[in-house]
Amino acid sequence: MDKVQQQYEAYPYPARDPVDEAKRLVVGSPSNPVEVDHMIFGGKRNWKKPFRALFAGGGTGDALIMMAQKLSSAKCPAEITYLDMSTASRKVAEARAKARGLTNITFITGDLMTAPDHGEFDYIDSTGVLHHLPDPQAGFNALAKAIAPGGGFGCMVYAPYGRTGVYPLQEALNTLTAGEAPEVQVAAAKDVLKGLPSSNWFPKNEFVGDHKVSDAGLYDLLLHSSDRPYTVEEIAETLDVAGLSLVSFHEPGRYDPRRYLPVPLWPRLESLDAITRAGLAERLAGDMKTHCFYAVRKDQARSQTKFTQTARPRLGDLPAAALGRQIEKRGEVKIESNGQKVTIEVPKRAGALIALADGGLQLGQIAQMRGLDWIAFSSLWAPVDEALTGFNLLHYSEGMS
């Protein structure tokens, strides 16, 4: 058994108790079906048709259970495959599925490098996994081969700058504890953390906190034997080698350097391509500890869904009417992104449009209800689209009904 597999047998990650399934459904990105539709399927996916999904390195099952539950509730004839080398993690994920009565998942203990052996998939999720492989590029390549025509890929990998202080401490702890049992390493790491000098960068980093949540989180963050971060540019290069094309980062607004620069400097951005701009934003922000993104096969390159008259807007868990009233009054939305408070400016006049964006109407229908022609509507909606899709608050999708 290699060191990575040994770790997840000792400390399945993230730590989850199947009993909690009775209280709540853990949701997030990637792999929320409406978000997947927006990013991969042009907002037009018919969820009544068969759908094959693979969770490559499914861990204890957060994304797996989220998608499986939502597709089951929508009566989508889904075939979902869980693939992970850790039997301990699989046991937790299976118990969570059983607690919910989910029957649309096939559990397989195995290496994600075997993904193509299990057929082609409309969607593949690999969250927090590929950056732990001895050869991450080989992992990307293998998953790319298993994506069906028209399908896509949702992924999360670590980013370097928001994890400042993590990697030197990983090296120090490896020097001190290499070869010891996982529980002994965790105990030693806790002692080290108590005695770190104020000059160490790790305790100064407010963006990492898994070590405070559980022993599994501490081990995954500070004692992992194989862990490499990716910059924006490295993600783009890795996808290109795998034959994939980036659709969008999750919360693309965070990858817009205009958020971090004064207006007089914006003209300097005009000559930069999209990846260079996103990489600049990553370096200016300094708080990105992960990169979550969607990709498709290179021969089917596309961008995330754009707004058209037939696009159906959905605000997720945000109540459309209440948000519309708030925007009409204040002209802004306050959210928390990556642990930081963000104020998103939206034209007050757009509040009346947002109030109808509950998934029941297409944009063209909303325009008609508000007495606007498409040109007038578009001029009001464009800043709404940029602001709210930029922070994953708005998607275009026919939805799950």
# chains A, B, ... in the order shown; residues from 1 in each chain; ligands from 1
$ closest_atom_pairs --of "stretch 229-323 of chain A" --to "stretch 365-380 of chain A" --cutoff "9 Å" --atoms "only C-alpha atoms" --output "tab-separated table"
residue	atom	partner	partner_atom	distance
A:Phe307	CA	A:Ser378	CA	8.8
A:Thr308	CA	A:Ser378	CA	8.9
A:Gln309	CA	A:Gln365	CA	7.7
A:Thr310	CA	A:Gln365	CA	8.3
$ residues_around --residues "A:Glu251" --least-positions-apart "5" --cutoff "8 Å" --atoms "only C-alpha atoms" --output "PyMOL selection string"
chain A and resi 389-392
$ residues_around --residues "A:Arg314" --least-positions-apart "5" --cutoff "8 Å" --atoms "only C-alpha atoms" --output "compact mmCIF listing (two decimals) with C-alpha atoms, in the first residue's frame"
# COMPACT_ATOMS: atom_id res chain seq x y z
CA ALA A 357 -35.34 35.12 -12.26
CA ASP A 358 -36.65 32.15 -10.30
CA GLY A 359 -36.38 29.60 -13.11
CA LEU A 394 -26.73 33.00 -11.37
CA HIS A 395 -26.96 30.11 -13.81
CA TYR A 396 -28.88 29.46 -17.00
CA SER A 397 -30.50 26.06 -16.99
$ closest_residue --among "A:Ala274, A:Ala172, A:Met288, A:Ala311" --to "A:Gly364" --atoms "only C-alpha atoms"
A:Ala311
$ closest_residue --among "A:Arg349, A:Lys75, A:Arg258, A:Arg228" --to "A:Val166" --atoms "only C-alpha atoms"
A:Arg228
$ residues_around --residues "A:Leu269" --least-positions-apart "3" --cutoff "10 Å" --atoms "only C-alpha atoms" --output "PyMOL selection string"
chain A and resi 256-258+265-266+272-274+276-277+280
